[in-house]
file work.pdb (PDB, C-alpha atoms, pLDDT in the B column)
ATOM      1  CA  MET A   1       0.000   0.000   0.000  1.00 93.00           C
ATOM      2  CA  SER A   2       1.112   3.530  -0.773  1.00 94.00           C
ATOM      3  CA  ASP A   3      -0.140   6.923   0.281  1.00 96.00           C
ATOM      4  CA  VAL A   4      -1.315   9.155  -2.545  1.00 97.00           C
ATOM      5  CA  SER A   5      -1.794  12.895  -2.174  1.00 97.00           C
ATOM      6  CA  LEU A   6      -3.247  14.943  -5.035  1.00 97.00           C
ATOM      7  CA  THR A   7      -5.058  18.152  -5.764  1.00 98.00           C
ATOM      8  CA  VAL A   8      -8.204  17.109  -7.611  1.00 98.00           C
ATOM      9  CA  ASN A   9     -10.526  19.744  -9.023  1.00 98.00           C
ATOM     10  CA  GLY A  10      -8.988  22.310  -6.693  1.00 97.00           C
ATOM     11  CA  LYS A  11      -9.212  20.251  -3.505  1.00 97.00           C
ATOM     12  CA  ARG A  12      -6.374  18.470  -1.687  1.00 98.00           C
ATOM     13  CA  VAL A  13      -7.157  14.769  -1.334  1.00 97.00           C
ATOM     14  CA  SER A  14      -5.190  11.809  -0.075  1.00 95.00           C
ATOM     15  CA  GLY A  15      -5.599   8.135   0.561  1.00 93.00           C
ATOM     16  CA  SER A  16      -3.882   4.795   0.714  1.00 95.00           C
ATOM     17  CA  THR A  17      -4.064   2.487  -2.247  1.00 96.00           C
ATOM     18  CA  GLU A  18      -2.359  -0.552  -3.686  1.00 97.00           C
ATOM     19  CA  ASP A  19       0.716   0.288  -5.743  1.00 96.00           C
ATOM     20  CA  ARG A  20      -0.908  -1.201  -8.858  1.00 97.00           C
ATOM     21  CA  THR A  21      -4.053   0.985  -8.699  1.00 97.00           C
ATOM     22  CA  LEU A  22      -4.570   2.963 -11.878  1.00 97.00           C
ATOM     23  CA  LEU A  23      -5.340   6.660 -11.591  1.00 97.00           C
ATOM     24  CA  VAL A  24      -8.737   6.114 -13.236  1.00 97.00           C
ATOM     25  CA  HIS A  25      -9.699   3.588 -10.550  1.00 97.00           C
ATOM     26  CA  PHE A  26      -8.405   5.827  -7.754  1.00 97.00           C
ATOM     27  CA  LEU A  27     -10.546   8.701  -9.066  1.00 97.00           C
ATOM     28  CA  ARG A  28     -13.643   6.550  -9.489  1.00 97.00           C
ATOM     29  CA  GLU A  29     -13.435   4.176  -6.536  1.00 96.00           C
ATOM     30  CA  HIS A  30     -11.568   6.136  -3.863  1.00 96.00           C
ATOM     31  CA  LEU A  31     -12.800   9.642  -4.658  1.00 96.00           C
ATOM     32  CA  GLY A  32     -16.216   8.858  -6.158  1.00 97.00           C
ATOM     33  CA  LEU A  33     -15.537  10.885  -9.320  1.00 97.00           C
ATOM     34  CA  THR A  34     -17.324   8.600 -11.753  1.00 97.00           C
ATOM     35  CA  GLY A  35     -17.413  11.022 -14.697  1.00 96.00           C
ATOM     36  CA  THR A  36     -14.069   9.638 -15.822  1.00 96.00           C
ATOM     37  CA  HIS A  37     -14.972   6.412 -17.614  1.00 96.00           C
ATOM     38  CA  VAL A  38     -13.171   3.120 -18.154  1.00 94.00           C
ATOM     39  CA  GLY A  39     -13.935   2.101 -21.698  1.00 88.00           C
ATOM     40  CA  CYS A  40     -11.391  -0.351 -22.993  1.00 87.00           C
ATOM     41  CA  ASP A  41      -8.701  -1.150 -20.379  1.00 75.00           C
ATOM     42  CA  THR A  42      -6.089  -0.877 -23.146  1.00 84.00           C
ATOM     43  CA  SER A  43      -5.619   2.924 -23.475  1.00 87.00           C
ATOM     44  CA  GLN A  44      -7.222   2.897 -26.920  1.00 91.00           C
ATOM     45  CA  CYS A  45     -10.564   4.676 -26.407  1.00 94.00           C
ATOM     46  CA  GLY A  46      -9.832   7.899 -24.482  1.00 94.00           C
ATOM     47  CA  ALA A  47     -12.932   7.726 -22.262  1.00 95.00           C
ATOM     48  CA  CYS A  48     -10.635   8.114 -19.231  1.00 97.00           C
ATOM     49  CA  VAL A  49      -8.870  11.365 -20.243  1.00 97.00           C
ATOM     50  CA  VAL A  50      -8.176  13.768 -17.381  1.00 98.00           C
ATOM     51  CA  HIS A  51      -5.741  16.651 -17.051  1.00 98.00           C
ATOM     52  CA  VAL A  52      -2.611  15.965 -15.018  1.00 98.00           C
ATOM     53  CA  ASP A  53      -0.581  19.092 -14.324  1.00 98.00           C
ATOM     54  CA  GLY A  54      -2.242  20.816 -17.272  1.00 96.00           C
ATOM     55  CA  ARG A  55      -1.824  18.027 -19.844  1.00 97.00           C
ATOM     56  CA  ALA A  56      -4.394  15.567 -21.180  1.00 97.00           C
ATOM     57  CA  VAL A  57      -3.560  12.061 -19.960  1.00 97.00           C
ATOM     58  CA  LYS A  58      -5.352   8.756 -20.359  1.00 97.00           C
ATOM     59  CA  SER A  59      -5.788   7.946 -16.683  1.00 97.00           C
ATOM     60  CA  CYS A  60      -5.805   4.215 -17.403  1.00 96.00           C
ATOM     61  CA  THR A  61      -2.131   4.509 -18.386  1.00 95.00           C
ATOM     62  CA  MET A  62      -0.946   6.058 -15.137  1.00 97.00           C
ATOM     63  CA  LEU A  63      -0.693   4.599 -11.664  1.00 97.00           C
ATOM     64  CA  ALA A  64      -2.227   6.627  -8.862  1.00 98.00           C
ATOM     65  CA  VAL A  65       1.136   6.645  -7.058  1.00 97.00           C
ATOM     66  CA  GLN A  66       2.763   8.136 -10.168  1.00 97.00           C
ATOM     67  CA  ALA A  67       0.288  11.011 -10.006  1.00 97.00           C
ATOM     68  CA  SER A  68       0.968  11.721  -6.338  1.00 97.00           C
ATOM     69  CA  GLY A  69       1.789  15.398  -5.873  1.00 97.00           C
ATOM     70  CA  SER A  70       0.073  16.341  -9.133  1.00 98.00           C
ATOM     71  CA  THR A  71      -2.861  18.585  -9.877  1.00 98.00           C
ATOM     72  CA  ILE A  72      -5.694  16.694 -11.556  1.00 98.00           C
ATOM     73  CA  VAL A  73      -8.756  18.111 -13.299  1.00 98.00           C
ATOM     74  CA  THR A  74     -11.591  15.741 -14.148  1.00 98.00           C
ATOM     75  CA  ILE A  75     -14.799  16.386 -16.074  1.00 98.00           C
ATOM     76  CA  GLU A  76     -16.441  17.209 -12.723  1.00 97.00           C
ATOM     77  CA  GLY A  77     -13.967  20.073 -12.260  1.00 97.00           C
ATOM     78  CA  LEU A  78     -14.544  21.891 -15.561  1.00 96.00           C
ATOM     79  CA  ALA A  79     -17.855  23.622 -14.896  1.00 95.00           C
ATOM     80  CA  ASN A  80     -18.028  26.677 -12.682  1.00 93.00           C
ATOM     81  CA  GLY A  81     -20.929  25.686 -10.470  1.00 91.00           C
ATOM     82  CA  ALA A  82     -24.034  25.595 -12.661  1.00 93.00           C
ATOM     83  CA  GLU A  83     -22.207  27.405 -15.492  1.00 95.00           C
ATOM     84  CA  LEU A  84     -20.881  24.940 -18.056  1.00 96.00           C
ATOM     85  CA  HIS A  85     -17.329  25.231 -19.347  1.00 97.00           C
ATOM     86  CA  PRO A  86     -17.394  26.598 -22.946  1.00 97.00           C
ATOM     87  CA  VAL A  87     -16.471  23.155 -24.331  1.00 98.00           C
ATOM     88  CA  GLN A  88     -19.272  21.487 -22.369  1.00 97.00           C
ATOM     89  CA  ALA A  89     -21.707  24.161 -23.582  1.00 97.00           C
ATOM     90  CA  ALA A  90     -20.577  23.678 -27.195  1.00 97.00           C
ATOM     91  CA  PHE A  91     -21.043  19.901 -26.977  1.00 96.00           C
ATOM     92  CA  LYS A  92     -24.576  20.495 -25.692  1.00 96.00           C
ATOM     93  CA  GLU A  93     -25.401  23.168 -28.276  1.00 97.00           C
ATOM     94  CA  HIS A  94     -23.957  21.284 -31.259  1.00 96.00           C
ATOM     95  CA  HIS A  95     -25.178  17.809 -30.242  1.00 94.00           C
ATOM     96  CA  GLY A  96     -21.626  16.533 -29.841  1.00 93.00           C
ATOM     97  CA  LEU A  97     -22.751  13.512 -27.868  1.00 89.00           C
ATOM     98  CA  GLN A  98     -24.946  10.504 -28.317  1.00 87.00           C
ATOM     99  CA  CYS A  99     -24.938   7.957 -25.509  1.00 90.00           C
ATOM    100  CA  GLY A 100     -22.500  10.145 -23.542  1.00 90.00           C
ATOM    101  CA  PHE A 101     -20.025   7.427 -22.597  1.00 93.00           C
ATOM    102  CA  CYS A 102     -17.087   8.915 -24.504  1.00 94.00           C
ATOM    103  CA  THR A 103     -18.145  12.505 -23.866  1.00 95.00           C
ATOM    104  CA  PRO A 104     -16.110  13.202 -20.696  1.00 96.00           C
ATOM    105  CA  GLY A 105     -12.902  12.026 -22.373  1.00 96.00           C
ATOM    106  CA  MET A 106     -13.730  13.908 -25.570  1.00 97.00           C
ATOM    107  CA  ILE A 107     -14.373  17.119 -23.632  1.00 98.00           C
ATOM    108  CA  MET A 108     -11.173  16.767 -21.606  1.00 98.00           C
ATOM    109  CA  ALA A 109      -9.170  16.068 -24.788  1.00 97.00           C
ATOM    110  CA  ALA A 110     -10.863  19.037 -26.495  1.00 98.00           C
ATOM    111  CA  THR A 111     -10.070  21.481 -23.676  1.00 97.00           C
ATOM    112  CA  ASP A 112      -6.421  20.399 -23.815  1.00 97.00           C
ATOM    113  CA  MET A 113      -6.412  20.697 -27.608  1.00 97.00           C
ATOM    114  CA  ILE A 114      -7.864  24.213 -27.484  1.00 97.00           C
ATOM    115  CA  ALA A 115      -5.373  25.258 -24.795  1.00 96.00           C
ATOM    116  CA  HIS A 116      -2.491  24.110 -26.985  1.00 95.00           C
ATOM    117  CA  HIS A 117      -3.833  25.888 -30.079  1.00 95.00           C
ATOM    118  CA  PRO A 118      -4.792  29.359 -28.782  1.00 91.00           C
ATOM    119  CA  GLU A 119      -4.627  30.735 -32.319  1.00 90.00           C
ATOM    120  CA  GLY A 120      -7.615  28.544 -33.191  1.00 91.00           C
ATOM    121  CA  LEU A 121      -8.266  25.161 -34.725  1.00 96.00           C
ATOM    122  CA  ASP A 122      -9.248  23.818 -38.103  1.00 96.00           C
ATOM    123  CA  GLU A 123     -11.161  20.646 -38.857  1.00 97.00           C
ATOM    124  CA  ALA A 124      -8.090  18.675 -39.954  1.00 97.00           C
ATOM    125  CA  THR A 125      -6.254  19.450 -36.700  1.00 97.00           C
ATOM    126  CA  VAL A 126      -9.264  18.528 -34.559  1.00 97.00           C
ATOM    127  CA  ARG A 127      -9.742  15.231 -36.381  1.00 96.00           C
ATOM    128  CA  ALA A 128      -6.026  14.398 -36.132  1.00 96.00           C
ATOM    129  CA  GLU A 129      -5.854  15.192 -32.419  1.00 95.00           C
ATOM    130  CA  LEU A 130      -9.016  13.211 -31.645  1.00 94.00           C
ATOM    131  CA  ASP A 131      -7.320  10.111 -33.049  1.00 92.00           C
ATOM    132  CA  GLY A 132      -6.930   8.607 -29.564  1.00 90.00           C
ATOM    133  CA  ASN A 133     -10.595   9.098 -28.623  1.00 94.00           C
ATOM    134  CA  ILE A 134     -13.193   6.659 -29.871  1.00 93.00           C
ATOM    135  CA  CYS A 135     -16.921   7.278 -30.168  1.00 91.00           C
ATOM    136  CA  ARG A 136     -18.927   4.267 -31.200  1.00 89.00           C
ATOM    137  CA  CYS A 137     -22.187   6.178 -31.728  1.00 87.00           C
ATOM    138  CA  THR A 138     -21.380   9.033 -34.109  1.00 78.00           C
ATOM    139  CA  GLY A 139     -19.427   9.857 -37.204  1.00 78.00           C
ATOM    140  CA  TYR A 140     -17.607  12.594 -35.239  1.00 92.00           C
ATOM    141  CA  HIS A 141     -19.176  15.365 -37.338  1.00 94.00           C
ATOM    142  CA  ASN A 142     -20.981  17.039 -34.426  1.00 95.00           C
ATOM    143  CA  ILE A 143     -18.069  16.436 -32.044  1.00 96.00           C
ATOM    144  CA  VAL A 144     -15.723  18.242 -34.427  1.00 97.00           C
ATOM    145  CA  LYS A 145     -18.301  20.996 -34.942  1.00 97.00           C
ATOM    146  CA  ALA A 146     -18.615  21.441 -31.161  1.00 97.00           C
ATOM    147  CA  ILE A 147     -14.846  21.632 -30.641  1.00 98.00           C
ATOM    148  CA  LEU A 148     -14.444  24.174 -33.439  1.00 98.00           C
ATOM    149  CA  ALA A 149     -17.264  26.294 -31.989  1.00 97.00           C
ATOM    150  CA  ALA A 150     -15.749  26.121 -28.485  1.00 97.00           C
ATOM    151  CA  SER A 151     -12.323  27.023 -29.840  1.00 97.00           C
ATOM    152  CA  GLN A 152     -13.759  30.029 -31.626  1.00 95.00           C
ATOM    153  CA  ALA A 153     -15.770  31.138 -28.586  1.00 94.00           C
ATOM    154  CA  MET A 154     -12.809  30.728 -26.248  1.00 93.00           C
ATOM    155  CA  SER A 155     -10.511  32.559 -28.668  1.00 86.00           C
ATOM    156  CA  LYS A 156     -12.963  35.498 -28.885  1.00 76.00           C
ATOM    157  CA  GLY A 157     -13.339  35.453 -25.107  1.00 63.00           C
ATOM    158  CA  SER A 158      -9.597  35.637 -24.506  1.00 60.00           C
ATOM    159  CA  LYS A 159      -9.216  38.433 -27.070  1.00 53.00           C
ATOM    160  CA  GLY A 160     -12.018  40.346 -25.340  1.00 43.00           C
ATOM    161  CA  ARG A 161     -10.343  39.889 -21.946  1.00 41.00           C
ATOM    162  CA  ALA A 162      -7.006  40.996 -23.423  1.00 40.00           C
ATOM    163  CA  LYS A 163      -8.604  44.192 -24.793  1.00 39.00           C
ATOM    164  CA  GLN A 164     -10.240  44.887 -21.414  1.00 35.00           C
ATOM    165  CA  ALA A 165      -6.893  44.391 -19.642  1.00 36.00           C
ATOM    166  CA  ALA A 166      -5.107  46.818 -21.996  1.00 36.00           C
TER     167      ALA A 166
END

call {"tool": "encode", "arguments": {"input": "work.pdb", "output": "structure tokens"}}
result
Amino acid sequence: MSDVSLTVNGKRVSGSTEDRTLLVHFLREHLGLTGTHVGCDTSQCGACVVHVDGRAVKSCTMLAVQASGSTIVTIEGLANGAELHPVQAAFKEHHGLQCGFCTPGMIMAATDMIAHHPEGLDEATVRAELDGNICRCTGYHNIVKAILAASQAMSKGSKGRAKQAA
């Protein structure tokens, strides 16, 4: 058993867990954050994507003890109370989900993608960067549309904040 101490969605948490416990299982079973899904157990589907120290990570590929000391953001940590994160709002508005199983991982991957392309995204880039996220219900059209809309909205928002700050 090892002690794990993390900051998850802005809160310090800790617990003891077996050394072989995956981060996804620690989040779901020890912390009760079930929005992060286990889809394939082989790191192929992306349903388990969370942010670890500001980077998108498939949480089924990382041991909880490896994440100790890190800052984790899960799908539960994106919204600001009742106000959806712009990516969550875009997925809702543009019907970027079907059954919803892959949606948390898609949204977490999309927020990371947008953060790493502040100049904006195009369809080819979105499709290429979603390569590690599988949706079995859609043809990705509305997912891509939602990510492009969120990217545009977030880009306009940051430009507006920059003008206000100047």

call {"tool": "atom_distance", "arguments": {"input": "work.pdb", "atom1": "CA of Ala56 in chain A", "atom2": "CA of Asp3 in chain A"}}
result
23.5 Å

call {"tool": "closest_residue", "arguments": {"input": "work.pdb", "among": "A:Ala64, A:Cys102, A:Leu78, A:Val57", "to": "Arg28 in chain A", "atoms": "all atoms listed in the file"}}
result
A:Ala64

call {"tool": "closest_residue", "arguments": {"input": "work.pdb", "among": "A:Thr21, A:Ser16, A:Ser2, A:Ser151", "to": "His116 in chain A", "atoms": "all atoms listed in the file"}}
result
A:Ser151

call {"tool": "residues_near_point", "arguments": {"input": "work.pdb", "point": "(-5.6, 27.0, -22.1)", "cutoff": "12 Å", "atoms": "only C-alpha atoms", "output": "list in words"}}
result
His51, Gly54, Arg55, Ala56, Pro86, Val87, Met108, Ala109, Ala110, Thr111, Asp112, Met113, Ile114, Ala115, His116, His117, Pro118, Glu119, Gly120, Ser151, Met154, Ser155, Gly157 and Ser158 of chain A

call {"tool": "residues_around", "arguments": {"input": "work.pdb", "residues": "Ala90 in chain A", "least_positions_apart": "4", "cutoff": "8 Å", "atoms": "all atoms listed in the file", "output": "PyMOL selection string"}}
result
chain A and resi 86+94+96+146-147+149-150

call {"tool": "atom_distance", "arguments": {"input": "work.pdb", "atom1": "CA of Thr103 in chain A", "atom2": "CA of Leu31 in chain A"}}
result
20.1 Å

call {"tool": "axis_aligned_box", "arguments": {"input": "work.pdb", "around": "range 5-18 of chain A", "padding_each_side": "5 Å", "output": "AutoDock Vina command-line options"}}
result
--center_x -6.2 --center_y 10.9 --center_z -4.2 --size_x 18.7 --size_y 32.9 --size_z 19.7

call {"tool": "resolve_selection", "arguments": {"input": "work.pdb", "expression": "the PyMOL selection byres ((chain A and resi 34) around 10)", "output": "compact mmCIF listing (two decimals) with C-alpha atoms, in the frame of the given file"}}
result
# COMPACT_ATOMS: atom_id res chain seq x y z
CA VAL A 24 -8.74 6.11 -13.24
CA HIS A 25 -9.70 3.59 -10.55
CA LEU A 27 -10.55 8.70 -9.07
CA ARG A 28 -13.64 6.55 -9.49
CA GLU A 29 -13.44 4.18 -6.54
CA LEU A 31 -12.80 9.64 -4.66
CA GLY A 32 -16.22 8.86 -6.16
CA LEU A 33 -15.54 10.88 -9.32
CA GLY A 35 -17.41 11.02 -14.70
CA THR A 36 -14.07 9.64 -15.82
CA HIS A 37 -14.97 6.41 -17.61
CA VAL A 38 -13.17 3.12 -18.15
CA THR A 74 -11.59 15.74 -14.15
CA ILE A 75 -14.80 16.39 -16.07
CA GLU A 76 -16.44 17.21 -12.72

call {"tool": "atom_distance", "arguments": {"input": "work.pdb", "atom1": "CA of Met106 in chain A", "atom2": "CA of Asp41 in chain A"}}
result
16.7 Å

call {"tool": "residues_around", "arguments": {"input": "work.pdb", "residues": "range 8-13 of chain A", "least_positions_apart": "4", "cutoff": "7 Å", "atoms": "only C-alpha atoms", "output": "list in words"}}
result
Thr71, Ile72, Val73, Thr74 and Gly77 of chain A

call {"tool": "residues_around", "arguments": {"input": "work.pdb", "residues": "Gly105 in chain A", "least_positions_apart": "6", "cutoff": "6 Å", "atoms": "only C-alpha atoms", "output": "list in words"}}
result
Gly46, Ala47, Cys48 and Val49 of chain A

call {"tool": "closest_residue", "arguments": {"input": "work.pdb", "among": "A:Arg127, A:Asn133, A:Ser70, A:Cys60", "to": "Val4 in chain A", "atoms": "all atoms listed in the file"}}
result
A:Ser70

call {"tool": "resolve_selection", "arguments": {"input": "work.pdb", "expression": "the PyMOL selection byres ((chain A and resi 136) around 10)", "output": "JSON, numbers by chain"}}
result
{"A": [45, 98, 99, 101, 102, 133, 134, 135, 137, 138, 139, 140]}

call {"tool": "resolve_selection", "arguments": {"input": "work.pdb", "expression": "the PyMOL selection byres ((chain A and resi 63) around 9)", "output": "PyMOL selection string"}}
result
chain A and resi 19-24+26+59-62+64-67

call {"tool": "closest_residue", "arguments": {"input": "work.pdb", "among": "A:Ile107, A:Leu148, A:Ile143, A:Val52", "to": "Asp122 in chain A", "atoms": "all atoms listed in the file"}}
result
A:Leu148
